[in-house]
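This is upload-v7.tsv (TSV, C-alpha atoms).
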```
chain	number	residue	atom	x	y	z
A	6	MET	CA	13.31	25.66	-8.36
A	7	PRO	CA	12.27	24.61	-11.87
A	8	MET	CA	10.30	21.53	-12.79
A	9	LYS	CA	13.35	20.04	-14.54
A	10	ASN	CA	15.17	19.72	-11.21
A	11	GLY	CA	12.35	17.62	-9.81
A	12	MET	CA	12.42	15.41	-12.90
A	13	ILE	CA	16.16	14.78	-12.59
A	14	ASN	CA	16.33	14.35	-8.82
A	15	ILE	CA	13.57	11.74	-8.72
A	16	ILE	CA	15.26	9.35	-11.20
A	17	PRO	CA	16.99	7.07	-8.61
A	18	LEU	CA	13.67	6.64	-6.76
A	19	ALA	CA	11.84	6.08	-10.04
A	20	VAL	CA	14.14	3.15	-10.84
A	21	GLY	CA	13.08	1.44	-7.59
A	22	ALA	CA	9.41	2.12	-8.32
A	23	ALA	CA	9.82	0.70	-11.83
A	24	ILE	CA	10.99	-2.66	-10.47
A	25	TYR	CA	8.06	-2.79	-8.05
A	26	GLY	CA	5.69	-1.72	-10.83
A	27	PHE	CA	7.00	-4.41	-13.17
A	28	ALA	CA	6.45	-7.08	-10.49
A	29	PHE	CA	2.90	-5.83	-9.85
A	30	GLY	CA	2.14	-5.85	-13.57
A	31	VAL	CA	3.26	-9.49	-13.93
A	32	LEU	CA	1.12	-10.55	-10.96
A	33	ALA	CA	-1.97	-8.63	-12.11
A	34	ALA	CA	-1.71	-10.13	-15.60
A	35	GLN	CA	-1.36	-13.62	-14.15
A	36	LEU	CA	-4.59	-12.99	-12.25
A	37	GLY	CA	-6.46	-12.18	-15.46
A	38	PHE	CA	-6.04	-8.44	-16.03
A	39	PRO	CA	-5.15	-7.47	-19.61
A	40	TRP	CA	-2.09	-5.22	-20.04
A	41	TRP	CA	-4.23	-2.25	-21.05
A	42	GLY	CA	-6.43	-2.77	-17.96
A	43	VAL	CA	-3.32	-2.63	-15.78
A	44	ALA	CA	-2.23	0.56	-17.59
A	45	LEU	CA	-5.66	2.08	-17.02
A	46	MET	CA	-5.60	1.15	-13.34
A	47	SER	CA	-2.11	2.55	-12.81
A	48	GLY	CA	-3.01	5.83	-14.52
A	49	LEU	CA	-6.31	6.27	-12.69
A	50	VAL	CA	-5.36	4.99	-9.23
A	51	HIS	CA	-1.61	5.75	-9.07
A	52	ALA	CA	-1.12	3.98	-5.73
A	53	GLY	CA	1.14	0.91	-5.71
A	54	SER	CA	0.30	-0.76	-2.42
A	55	SER	CA	-3.44	-0.07	-2.84
A	56	GLN	CA	-3.44	-1.62	-6.30
A	57	ILE	CA	-1.58	-4.74	-5.19
A	58	VAL	CA	-3.88	-5.25	-2.19
A	59	ALA	CA	-7.08	-4.69	-4.18
A	60	VAL	CA	-6.02	-7.02	-7.01
A	61	GLU	CA	-5.02	-9.77	-4.56
A	62	ARG	CA	-8.30	-9.45	-2.61
A	63	PHE	CA	-10.33	-9.45	-5.83
A	64	ALA	CA	-8.56	-12.60	-7.08
A	65	THR	CA	-8.79	-14.39	-3.73
A	66	ASP	CA	-12.46	-14.08	-2.83
A	67	GLY	CA	-14.02	-12.07	-5.67
A	68	PHE	CA	-15.69	-9.78	-3.10
A	69	LEU	CA	-15.53	-6.46	-4.94
A	70	ALA	CA	-16.52	-4.17	-2.07
A	71	GLY	CA	-13.96	-5.86	0.18
A	72	ALA	CA	-11.23	-5.44	-2.44
A	73	VAL	CA	-12.04	-1.75	-2.91
A	74	PHE	CA	-12.25	-1.14	0.84
A	75	ALA	CA	-8.90	-2.84	1.49
A	76	GLY	CA	-7.21	-0.92	-1.32
A	77	LEU	CA	-8.57	2.43	-0.22
A	78	ALA	CA	-7.93	1.87	3.49
A	79	LEU	CA	-4.26	1.50	2.66
A	80	ASN	CA	-4.41	4.84	0.84
A	81	LEU	CA	-5.77	6.83	3.80
A	82	ARG	CA	-2.26	8.07	4.55
A	83	TYR	CA	-2.73	10.45	1.61
A	84	LEU	CA	-5.05	12.56	3.75
A	85	GLY	CA	-2.00	13.60	5.75
A	86	ILE	CA	0.41	13.63	2.81
A	87	ILE	CA	-1.77	15.98	0.75
A	88	ALA	CA	-2.58	18.12	3.79
A	89	SER	CA	1.15	18.65	4.34
A	90	LEU	CA	1.44	20.18	0.86
A	91	ALA	CA	-0.63	23.25	1.81
A	92	PRO	CA	2.41	25.62	1.95
A	93	LEU	CA	3.44	24.55	-1.57
A	94	PHE	CA	-0.04	25.28	-2.90
A	95	GLU	CA	-0.16	28.94	-1.84
A	96	ASN	CA	-0.89	31.12	-4.91
A	97	ILE	CA	-1.40	28.01	-7.08
A	98	SER	CA	-4.65	27.79	-9.05
A	99	LEU	CA	-7.23	25.12	-8.21
A	100	PRO	CA	-6.83	23.17	-11.52
A	101	LYS	CA	-3.07	22.99	-10.94
A	102	ARG	CA	-3.64	21.76	-7.38
A	103	LEU	CA	-6.07	19.12	-8.65
A	104	LEU	CA	-3.39	17.86	-11.04
A	105	ALA	CA	-0.67	17.89	-8.38
A	106	ILE	CA	-2.62	15.82	-5.86
A	107	HIS	CA	-3.06	13.03	-8.41
A	108	ILE	CA	0.59	12.80	-9.38
A	109	THR	CA	1.83	13.03	-5.79
A	110	GLY	CA	3.12	9.68	-4.57
A	111	ASP	CA	5.12	8.56	-1.54
A	112	GLU	CA	8.47	8.97	-3.28
A	113	ASN	CA	8.13	12.42	-4.87
A	114	TRP	CA	6.33	13.78	-1.80
A	115	ALA	CA	9.16	12.61	0.50
A	116	LEU	CA	11.83	13.95	-1.87
A	117	THR	CA	10.11	17.32	-2.26
A	118	MET	CA	9.65	17.77	1.49
A	119	ALA	CA	13.26	16.73	2.19
A	120	LYS	CA	14.62	19.19	-0.42
A	121	ARG	CA	12.28	21.93	0.79
A	122	ALA	CA	13.56	21.52	4.35
A	123	LYS	CA	16.97	22.61	3.04
A	124	ASN	CA	15.85	25.10	0.37
A	125	THR	CA	12.50	26.91	0.59
A	126	ASN	CA	12.60	27.63	-3.16
A	127	VAL	CA	11.69	23.99	-3.69
A	128	GLY	CA	7.94	23.98	-4.17
A	129	TYR	CA	5.08	23.24	-6.54
A	130	ALA	CA	7.20	22.99	-9.73
A	131	PHE	CA	9.60	20.49	-8.14
A	132	LEU	CA	6.68	18.42	-6.83
A	133	VAL	CA	4.98	18.34	-10.23
A	134	GLY	CA	8.20	17.62	-12.17
A	135	SER	CA	9.09	14.70	-9.92
A	136	GLY	CA	5.45	13.54	-9.85
A	137	LEU	CA	5.19	13.46	-13.64
A	138	VAL	CA	8.28	11.24	-13.86
A	139	MET	CA	6.88	8.97	-11.15
A	140	ILE	CA	3.44	8.48	-12.69
A	141	LEU	CA	4.93	7.90	-16.15
A	142	THR	CA	7.34	5.37	-14.64
A	143	TRP	CA	4.56	3.66	-12.71
A	144	VAL	CA	2.21	3.36	-15.69
A	145	SER	CA	4.89	2.20	-18.11
A	146	SER	CA	6.54	-0.31	-15.75
A	147	THR	CA	3.24	-1.91	-14.65
A	148	THR	CA	2.11	-2.07	-18.29
A	149	LEU	CA	5.37	-3.70	-19.37
A	150	GLY	CA	5.09	-6.17	-16.48
A	151	ALA	CA	1.50	-7.02	-17.47
A	152	PHE	CA	2.51	-7.42	-21.10
A	153	ILE	CA	5.16	-9.96	-20.05
A	154	GLY	CA	2.81	-11.54	-17.49
A	155	ASN	CA	0.16	-12.09	-20.19
A	156	SER	CA	2.64	-13.98	-22.36
A	157	ILE	CA	4.31	-16.36	-19.85
A	158	PRO	CA	2.82	-19.62	-18.49
A	159	ASN	CA	0.46	-19.56	-15.52
A	160	LEU	CA	2.55	-19.50	-12.34
A	161	ALA	CA	-0.38	-20.06	-9.95
A	162	ASP	CA	0.50	-23.73	-9.43
A	163	TYR	CA	4.02	-22.75	-8.40
A	164	GLY	CA	2.95	-20.54	-5.54
A	165	LEU	CA	2.38	-17.24	-7.33
A	166	GLY	CA	-0.15	-16.21	-4.69
A	167	PHE	CA	2.66	-16.25	-2.16
A	168	ALA	CA	4.34	-13.35	-3.95
A	169	PHE	CA	1.43	-11.23	-2.66
A	170	THR	CA	1.86	-12.57	0.88
A	171	ALA	CA	5.56	-11.70	0.67
A	172	ALA	CA	4.65	-8.21	-0.59
A	173	PHE	CA	2.29	-7.72	2.38
A	174	ILE	CA	5.03	-8.89	4.78
A	175	ALA	CA	7.41	-6.33	3.26
A	176	MET	CA	4.76	-3.58	3.46
A	177	GLY	CA	4.25	-4.42	7.14
A	178	ARG	CA	8.00	-4.19	7.71
A	179	ALA	CA	8.02	-0.73	6.12
A	180	MET	CA	5.15	0.36	8.41
A	181	TRP	CA	6.86	-0.83	11.58
A	182	ARG	CA	7.57	2.11	13.90
A	183	SER	CA	8.33	0.89	17.42
A	184	LYS	CA	7.75	-1.86	19.98
A	185	ASN	CA	4.36	-0.28	20.66
A	186	ASP	CA	3.25	-1.98	17.43
A	187	VAL	CA	3.92	-5.51	18.75
A	188	VAL	CA	0.73	-6.11	20.76
A	189	PRO	CA	-1.76	-4.55	18.30
A	190	TRP	CA	-0.15	-6.46	15.43
A	191	LEU	CA	-0.16	-9.77	17.33
A	192	VAL	CA	-3.83	-9.26	18.24
A	193	THR	CA	-4.68	-8.43	14.62
A	194	PHE	CA	-2.78	-11.48	13.39
A	195	GLY	CA	-4.28	-13.84	16.00
A	196	ILE	CA	-7.89	-12.67	15.62
A	197	THR	CA	-7.73	-12.84	11.82
A	198	ILE	CA	-6.30	-16.39	11.91
A	199	LEU	CA	-8.91	-17.47	14.47
A	200	LEU	CA	-11.86	-16.02	12.54
A	201	THR	CA	-10.64	-17.54	9.27
A	202	LYS	CA	-10.29	-20.92	10.98
A	203	LEU	CA	-13.87	-20.49	12.23
A	204	ASN	CA	-14.92	-20.21	8.55
A	205	MET	CA	-15.68	-16.49	8.57
A	206	ALA	CA	-15.41	-15.04	5.03
A	207	SER	CA	-11.85	-13.73	4.62
A	208	ALA	CA	-12.98	-10.14	3.85
A	209	PHE	CA	-14.81	-9.93	7.19
A	210	ALA	CA	-12.06	-11.74	9.11
A	211	ILE	CA	-9.60	-9.14	7.80
A	212	LEU	CA	-11.93	-6.29	8.73
A	213	VAL	CA	-12.61	-7.55	12.27
A	214	GLY	CA	-8.94	-8.46	12.77
A	215	SER	CA	-7.84	-4.95	11.72
A	216	LEU	CA	-10.42	-3.29	13.97
A	217	SER	CA	-9.26	-5.45	16.91
A	218	GLY	CA	-5.72	-4.16	16.40
A	219	LEU	CA	-6.99	-0.57	16.23
A	220	ILE	CA	-8.86	-1.02	19.52
A	221	ILE	CA	-5.60	-2.19	21.15
A	222	TYR	CA	-3.81	0.92	19.78
A	223	ILE	CA	-6.52	3.04	21.45
A	224	LEU	CA	-6.36	1.09	24.73
A	225	ILE	CA	-2.56	1.03	25.12
A	226	PRO	CA	-2.17	4.64	26.40
A	227	THR	CA	-5.00	4.04	28.90
A	228	ILE	CA	-3.42	0.80	30.16
A	229	ASN	CA	0.00	2.49	30.45
A	230	LYS	CA	-1.59	5.36	32.40
A	231	VAL	CA	-3.30	2.94	34.84
A	232	GLU	CA	-0.03	1.05	35.34
A	233	LYS	CA	1.85	4.29	36.06
A	234	ASN	CA	-0.80	5.37	38.58
A	235	ASP	CA	-0.61	1.95	40.29
A	236	LYS	CA	3.12	2.42	40.78
B	29	MET	CA	-11.98	-7.25	-19.24
B	30	THR	CA	-14.90	-8.37	-17.06
B	31	ASN	CA	-17.48	-5.99	-15.58
B	32	GLU	CA	-16.06	-6.73	-12.13
B	33	GLN	CA	-12.57	-5.73	-13.23
B	34	TRP	CA	-13.93	-2.47	-14.71
B	35	PHE	CA	-15.78	-1.78	-11.48
B	36	LEU	CA	-12.69	-2.45	-9.37
B	37	ILE	CA	-10.52	-0.09	-11.43
B	38	ILE	CA	-13.07	2.74	-11.58
B	39	ALA	CA	-14.06	2.44	-7.89
B	40	LEU	CA	-10.42	2.42	-6.84
B	41	GLY	CA	-9.66	5.39	-9.11
B	42	ILE	CA	-12.54	7.48	-7.78
B	43	GLY	CA	-11.87	6.44	-4.18
B	44	ALA	CA	-8.14	7.13	-4.35
B	45	TYR	CA	-8.67	10.58	-5.86
B	46	SER	CA	-11.43	11.37	-3.34
B	47	ILE	CA	-9.03	10.65	-0.46
B	48	ARG	CA	-6.46	13.01	-1.99
B	49	PHE	CA	-9.13	15.66	-2.57
B	50	LEU	CA	-10.31	15.30	1.03
B	51	GLY	CA	-6.71	15.82	2.14
B	52	LEU	CA	-6.61	19.00	0.05
B	53	ILE	CA	-9.78	20.55	1.45
B	54	MET	CA	-9.85	19.31	5.04
B	55	GLY	CA	-6.53	17.57	5.75
B	56	LYS	CA	-5.58	20.06	8.46
B	57	THR	CA	-8.86	19.55	10.31
B	58	ILE	CA	-8.35	15.78	10.22
B	59	ASN	CA	-4.74	16.04	11.38
B	60	ASP	CA	-5.77	18.28	14.28
B	61	ASN	CA	-8.22	15.64	15.54
B	62	GLN	CA	-5.90	13.39	17.58
B	63	HIS	CA	-8.31	10.42	17.85
B	64	LEU	CA	-9.09	10.37	14.15
B	65	LYS	CA	-5.44	10.84	13.26
B	66	LYS	CA	-4.46	7.90	15.46
B	67	LEU	CA	-7.00	5.66	13.75
B	68	LEU	CA	-5.93	6.75	10.28
B	69	ASP	CA	-2.24	6.35	11.15
B	70	ASN	CA	-2.66	2.79	12.41
B	71	LEU	CA	-5.32	1.36	10.12
B	72	PRO	CA	-3.02	0.60	7.14
B	73	ALA	CA	-0.56	-1.39	9.26
B	74	CYS	CA	-3.33	-3.41	10.96
B	75	LEU	CA	-4.86	-4.10	7.57
B	76	VAL	CA	-1.57	-5.36	6.11
B	77	VAL	CA	-0.98	-7.63	9.13
B	78	ALA	CA	-4.54	-8.98	8.75
B	79	LEU	CA	-3.90	-9.65	5.05
B	80	VAL	CA	-0.79	-11.67	5.92
B	81	ALA	CA	-2.75	-13.60	8.57
B	82	SER	CA	-5.60	-14.27	6.17
B	83	SER	CA	-3.31	-15.68	3.51
B	84	LEU	CA	-1.54	-17.93	6.05
B	85	ALA	CA	-4.55	-19.12	8.07
B	86	GLU	CA	-5.27	-22.17	5.92
B	87	ALA	CA	-1.77	-22.53	4.49
B	88	ASP	CA	0.51	-25.60	4.62
B	89	PRO	CA	3.80	-25.75	6.56
B	90	ILE	CA	5.82	-24.97	3.40
B	91	THR	CA	3.96	-21.66	3.03
B	92	TRP	CA	4.47	-20.81	6.70
B	93	PHE	CA	8.18	-21.58	6.38
B	94	SER	CA	8.41	-19.43	3.24
B	95	ALA	CA	6.62	-16.63	5.11
B	96	LEU	CA	9.24	-16.80	7.86
B	97	ILE	CA	12.00	-16.56	5.25
B	98	ALA	CA	10.22	-13.60	3.62
B	99	LEU	CA	9.86	-11.95	7.04
B	100	GLY	CA	13.59	-12.37	7.64
B	101	VAL	CA	14.40	-10.84	4.24
B	102	ALA	CA	11.97	-7.96	4.88
B	103	ILE	CA	13.47	-7.23	8.30
B	104	ILE	CA	17.02	-7.23	6.95
B	105	THR	CA	16.50	-5.47	3.61
B	106	ASN	CA	13.23	-3.50	4.05
B	107	HIS	CA	12.83	-4.02	0.29
B	108	VAL	CA	9.46	-5.06	-1.19
B	109	VAL	CA	10.61	-6.53	-4.50
B	110	LEU	CA	13.53	-8.44	-2.97
B	111	THR	CA	11.18	-9.92	-0.36
B	112	MET	CA	8.72	-10.94	-3.09
B	113	ILE	CA	11.43	-12.55	-5.25
B	114	ILE	CA	13.11	-14.47	-2.42
B	115	GLY	CA	9.74	-15.44	-0.89
B	116	PHE	CA	8.38	-16.72	-4.20
B	117	SER	CA	11.66	-18.50	-5.03
B	118	THR	CA	11.61	-20.24	-1.63
B	119	ILE	CA	8.09	-21.59	-2.00
B	120	TYR	CA	8.73	-22.51	-5.65
B	121	LEU	CA	11.85	-24.51	-4.80
B	122	LEU	CA	10.30	-26.20	-1.75
B	123	LYS	CA	7.29	-27.30	-3.79
B	124	LEU	CA	9.58	-28.71	-6.50
B	125	ILE	CA	11.44	-30.88	-3.98
```

Could I get this structure in the form of structure tokens?
Amino acid sequence: MPMKNGMINIIPLAVGAAIYGFAFGVLAAQLGFPWWGVALMSGLVHAGSSQIVAVERFATDGFLAGAVFAGLALNLRYLGIIASLAPLFENISLPKRLLAIHITGDENWALTMAKRAKNTNVGYAFLVGSGLVMILTWVSSTTLGAFIGNSIPNLADYGLGFAFTAAFIAMGRAMWRSKNDVVPWLVTFGITILLTKLNMASAFAILVGSLSGLIIYILIPTINKVEKNDK
Amino acid sequence: MTNEQWFLIIALGIGAYSIRFLGLIMGKTINDNQHLKKLLDNLPACLVVALVASSLAEADPITWFSALIALGVAIITNHVVLTMIIGFSTIYLLKLI
């Protein structure tokens, strides 16, 4: 299926990404990033949630390594996403693969895989066509948002920082899978609050809180197995 | 732009592309390792929950209330921008009152 089909089919999803990109651009500009810096970041990183997390962390505690770690940890899902593209990359040259992995995002990956499930002719060209539209949309919408954000009054006093908290809440909602998430999430939340209250630097409180939740995820199957055996 | 901002952008850019490249060359191996896959699958969600907790830990009751409203909007709509707009509007209006 030609590249043009990917470009056309992705448009509805691109509209949604543009709104999100615009909002991110406004926030990043309000936190001191120039519009061209936001454009550069969007072109180089091309990962919405990672960018929003890293910028918020950087603005909150100025701990660069923590901001980079948090942003990248959120992007680890791309290991699986890119791995799943292997069938589309058969007979595709390495330079073309290297381009495709950069312009692959959540939306065009999901669309390509959904279309491919129905029609095996959907492949590399569709992925690249839809990916090009997505990255262009992302860069232009974040840049426009930053341009506007640079020219409006400072909203920090009116609770601008909370827009990030709200974004994280929405990201968490999107990551919710089942009731098995309840306990690890509550442990993560509780430990992070406790450590922050005990004056631990926020970057480390977040790290330890996240690791505590991961430990619970690992322990849950073992606990369930012991309970079953007891019965 | 400050040196720190340059560093953040370049480090994020290199890191994000490295993760994608790793997925290209050894994604299958990683996916076949159940323990590693479980950690990688769950880390982003734990991190996001910890970020919410961190931003609320020292917050005032108005912020906590606004967070509850944002959570309600997120549960109902599952829409990031709508949650941000309604969450920010809530805290903005409450602080005006």

Residues of chain A were defined as contacting chain B if any atom lay at most 7 Å from it, counting all atoms listed in the file; please report them as a PDB file with C-alpha atoms, keeping the file's coordinate frame.
```pdb
ATOM      1  CA  TYR A  25       8.060  -2.790  -8.050  1.00  0.00           C
ATOM      2  CA  PHE A  38      -6.040  -8.440 -16.030  1.00  0.00           C
ATOM      3  CA  PRO A  39      -5.150  -7.470 -19.610  1.00  0.00           C
ATOM      4  CA  MET A  46      -5.600   1.150 -13.340  1.00  0.00           C
ATOM      5  CA  LEU A  49      -6.310   6.270 -12.690  1.00  0.00           C
ATOM      6  CA  VAL A  50      -5.360   4.990  -9.230  1.00  0.00           C
ATOM      7  CA  LEU A  69     -15.530  -6.460  -4.940  1.00  0.00           C
ATOM      8  CA  VAL A  73     -12.040  -1.750  -2.910  1.00  0.00           C
ATOM      9  CA  LEU A  77      -8.570   2.430  -0.220  1.00  0.00           C
ATOM     10  CA  ALA A  78      -7.930   1.870   3.490  1.00  0.00           C
ATOM     11  CA  LEU A  79      -4.260   1.500   2.660  1.00  0.00           C
ATOM     12  CA  ASN A  80      -4.410   4.840   0.840  1.00  0.00           C
ATOM     13  CA  LEU A  81      -5.770   6.830   3.800  1.00  0.00           C
ATOM     14  CA  ARG A  82      -2.260   8.070   4.550  1.00  0.00           C
ATOM     15  CA  TYR A  83      -2.730  10.450   1.610  1.00  0.00           C
ATOM     16  CA  LEU A  84      -5.050  12.560   3.750  1.00  0.00           C
ATOM     17  CA  GLY A  85      -2.000  13.600   5.750  1.00  0.00           C
ATOM     18  CA  ILE A  87      -1.770  15.980   0.750  1.00  0.00           C
ATOM     19  CA  ALA A  88      -2.580  18.120   3.790  1.00  0.00           C
ATOM     20  CA  ILE A 106      -2.620  15.820  -5.860  1.00  0.00           C
ATOM     21  CA  HIS A 107      -3.060  13.030  -8.410  1.00  0.00           C
ATOM     22  CA  TYR A 163       4.020 -22.750  -8.400  1.00  0.00           C
ATOM     23  CA  GLY A 164       2.950 -20.540  -5.540  1.00  0.00           C
ATOM     24  CA  LEU A 165       2.380 -17.240  -7.330  1.00  0.00           C
ATOM     25  CA  PHE A 167       2.660 -16.250  -2.160  1.00  0.00           C
ATOM     26  CA  ALA A 168       4.340 -13.350  -3.950  1.00  0.00           C
ATOM     27  CA  THR A 170       1.860 -12.570   0.880  1.00  0.00           C
ATOM     28  CA  ALA A 171       5.560 -11.700   0.670  1.00  0.00           C
ATOM     29  CA  ALA A 172       4.650  -8.210  -0.590  1.00  0.00           C
ATOM     30  CA  PHE A 173       2.290  -7.720   2.380  1.00  0.00           C
ATOM     31  CA  ILE A 174       5.030  -8.890   4.780  1.00  0.00           C
ATOM     32  CA  ALA A 175       7.410  -6.330   3.260  1.00  0.00           C
ATOM     33  CA  MET A 176       4.760  -3.580   3.460  1.00  0.00           C
ATOM     34  CA  GLY A 177       4.250  -4.420   7.140  1.00  0.00           C
ATOM     35  CA  ARG A 178       8.000  -4.190   7.710  1.00  0.00           C
ATOM     36  CA  ALA A 179       8.020  -0.730   6.120  1.00  0.00           C
ATOM     37  CA  MET A 180       5.150   0.360   8.410  1.00  0.00           C
ATOM     38  CA  TRP A 190      -0.150  -6.460  15.430  1.00  0.00           C
ATOM     39  CA  THR A 193      -4.680  -8.430  14.620  1.00  0.00           C
ATOM     40  CA  PHE A 194      -2.780 -11.480  13.390  1.00  0.00           C
ATOM     41  CA  THR A 197      -7.730 -12.840  11.820  1.00  0.00           C
ATOM     42  CA  ILE A 198      -6.300 -16.390  11.910  1.00  0.00           C
ATOM     43  CA  THR A 201     -10.640 -17.540   9.270  1.00  0.00           C
ATOM     44  CA  LYS A 202     -10.290 -20.920  10.980  1.00  0.00           C
ATOM     45  CA  SER A 207     -11.850 -13.730   4.620  1.00  0.00           C
ATOM     46  CA  ILE A 211      -9.600  -9.140   7.800  1.00  0.00           C
ATOM     47  CA  GLY A 214      -8.940  -8.460  12.770  1.00  0.00           C
ATOM     48  CA  SER A 215      -7.840  -4.950  11.720  1.00  0.00           C
ATOM     49  CA  GLY A 218      -5.720  -4.160  16.400  1.00  0.00           C
ATOM     50  CA  LEU A 219      -6.990  -0.570  16.230  1.00  0.00           C
TER      51      LEU A 219
END
```

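Distances to Val127 of chain A were evaluated for A:Tyr222, A:Phe152, A:Trp41, A:Phe94 using all atoms listed in the file, and the minimum falls at A:Phe94.
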
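Reported to one decimal place, the separation of atom CA of Val188 of chain A from atom CA of Met205 of chain A is 22.9 Å.
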
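Each of A:Ala64, A:Leu200, A:Ala44, A:Trp143 was compared to Leu212 of chain A using all atoms listed in the file, and A:Leu200 turns out to be the nearest.
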
Excluding Leu149 of chain A and residues on its chain fewer than 5 positions from it, collect all residues at most 12 Å away from it, counting only C-alpha atoms, and give them as a PDB file with C-alpha atoms, in the frame of the given file.
```pdb
ATOM      1  CA  ALA A  23       9.820   0.700 -11.830  1.00  0.00           C
ATOM      2  CA  ILE A  24      10.990  -2.660 -10.470  1.00  0.00           C
ATOM      3  CA  TYR A  25       8.060  -2.790  -8.050  1.00  0.00           C
ATOM      4  CA  GLY A  26       5.690  -1.720 -10.830  1.00  0.00           C
ATOM      5  CA  PHE A  27       7.000  -4.410 -13.170  1.00  0.00           C
ATOM      6  CA  ALA A  28       6.450  -7.080 -10.490  1.00  0.00           C
ATOM      7  CA  PHE A  29       2.900  -5.830  -9.850  1.00  0.00           C
ATOM      8  CA  GLY A  30       2.140  -5.850 -13.570  1.00  0.00           C
ATOM      9  CA  VAL A  31       3.260  -9.490 -13.930  1.00  0.00           C
ATOM     10  CA  LEU A  32       1.120 -10.550 -10.960  1.00  0.00           C
ATOM     11  CA  ALA A  33      -1.970  -8.630 -12.110  1.00  0.00           C
ATOM     12  CA  ALA A  34      -1.710 -10.130 -15.600  1.00  0.00           C
ATOM     13  CA  PRO A  39      -5.150  -7.470 -19.610  1.00  0.00           C
ATOM     14  CA  TRP A  40      -2.090  -5.220 -20.040  1.00  0.00           C
ATOM     15  CA  TRP A  41      -4.230  -2.250 -21.050  1.00  0.00           C
ATOM     16  CA  GLY A  42      -6.430  -2.770 -17.960  1.00  0.00           C
ATOM     17  CA  VAL A  43      -3.320  -2.630 -15.780  1.00  0.00           C
ATOM     18  CA  ALA A  44      -2.230   0.560 -17.590  1.00  0.00           C
ATOM     19  CA  SER A  47      -2.110   2.550 -12.810  1.00  0.00           C
ATOM     20  CA  THR A 142       7.340   5.370 -14.640  1.00  0.00           C
ATOM     21  CA  TRP A 143       4.560   3.660 -12.710  1.00  0.00           C
ATOM     22  CA  VAL A 144       2.210   3.360 -15.690  1.00  0.00           C
ATOM     23  CA  GLY A 154       2.810 -11.540 -17.490  1.00  0.00           C
ATOM     24  CA  ASN A 155       0.160 -12.090 -20.190  1.00  0.00           C
ATOM     25  CA  SER A 156       2.640 -13.980 -22.360  1.00  0.00           C
TER      26      SER A 156
END
```

Quick one: axis-aligned box around all listed atoms of segment 94-103 of chain B, 5 Å on every side, centre and edge lengths in Å to one decimal, written as AutoDock Vina command-line options.
```
--center_x 10.5 --center_y -13.3 --center_z 5.8 --size_x 17.8 --size_y 22.2 --size_z 15.1
```

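Atom CA of Arg62 of chain A sits 8.7 Å away from atom CA of Gly76 of chain A.
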
- Query: Pick from A:Asp111, A:Phe74, A:Gly195, A:Pro189: nearest to Ile225 of chain A, with only C-alpha atoms counted?
  - Reply: A:Pro189

Incomplete segment 78-90 of chain B brought to N, CA and C atoms, written out as an mmCIF file, in the frame of the given file:
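Saved to result_17.cif:
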```cif
data_model
loop_
_atom_site.group_PDB
_atom_site.id
_atom_site.type_symbol
_atom_site.label_atom_id
_atom_site.label_comp_id
_atom_site.auth_asym_id
_atom_site.auth_seq_id
_atom_site.Cartn_x
_atom_site.Cartn_y
_atom_site.Cartn_z
ATOM 1 N N ALA B 78 -3.375 -8.107 8.921
ATOM 2 C CA ALA B 78 -4.540 -8.980 8.750
ATOM 3 C C ALA B 78 -4.502 -9.692 7.396
ATOM 4 N N LEU B 79 -4.013 -9.023 6.381
ATOM 5 C CA LEU B 79 -3.900 -9.650 5.050
ATOM 6 C C LEU B 79 -2.893 -10.800 5.079
ATOM 7 N N VAL B 80 -1.787 -10.587 5.782
ATOM 8 C CA VAL B 80 -0.790 -11.670 5.920
ATOM 9 C C VAL B 80 -1.429 -12.843 6.656
ATOM 10 N N ALA B 81 -2.114 -12.536 7.760
ATOM 11 C CA ALA B 81 -2.750 -13.600 8.570
ATOM 12 C C ALA B 81 -3.769 -14.360 7.738
ATOM 13 N N SER B 82 -4.561 -13.630 6.982
ATOM 14 C CA SER B 82 -5.600 -14.270 6.170
ATOM 15 C C SER B 82 -4.999 -15.223 5.143
ATOM 16 N N SER B 83 -3.889 -14.822 4.547
ATOM 17 C CA SER B 83 -3.310 -15.680 3.510
ATOM 18 C C SER B 83 -2.570 -16.875 4.114
ATOM 19 N N LEU B 84 -2.250 -16.813 5.421
ATOM 20 C CA LEU B 84 -1.540 -17.930 6.050
ATOM 21 C C LEU B 84 -2.452 -18.847 6.846
ATOM 22 N N ALA B 85 -3.665 -18.386 7.143
ATOM 23 C CA ALA B 85 -4.550 -19.120 8.070
ATOM 24 C C ALA B 85 -4.763 -20.568 7.653
ATOM 25 N N GLU B 86 -4.988 -20.795 6.389
ATOM 26 C CA GLU B 86 -5.270 -22.170 5.920
ATOM 27 C C GLU B 86 -4.089 -22.751 5.158
ATOM 28 N N ALA B 87 -2.920 -22.126 5.312
ATOM 29 C CA ALA B 87 -1.770 -22.530 4.490
ATOM 30 C C ALA B 87 -1.049 -23.752 5.059
ATOM 31 N N ASP B 88 -0.257 -24.420 4.191
ATOM 32 C CA ASP B 88 0.510 -25.600 4.620
ATOM 33 C C ASP B 88 1.833 -25.159 5.257
ATOM 34 N N PRO B 89 2.537 -26.104 5.888
ATOM 35 C CA PRO B 89 3.800 -25.750 6.560
ATOM 36 C C PRO B 89 4.834 -25.119 5.620
ATOM 37 N N ILE B 90 4.846 -25.551 4.353
ATOM 38 C CA ILE B 90 5.820 -24.970 3.400
ATOM 39 C C ILE B 90 5.576 -23.464 3.260
#
```
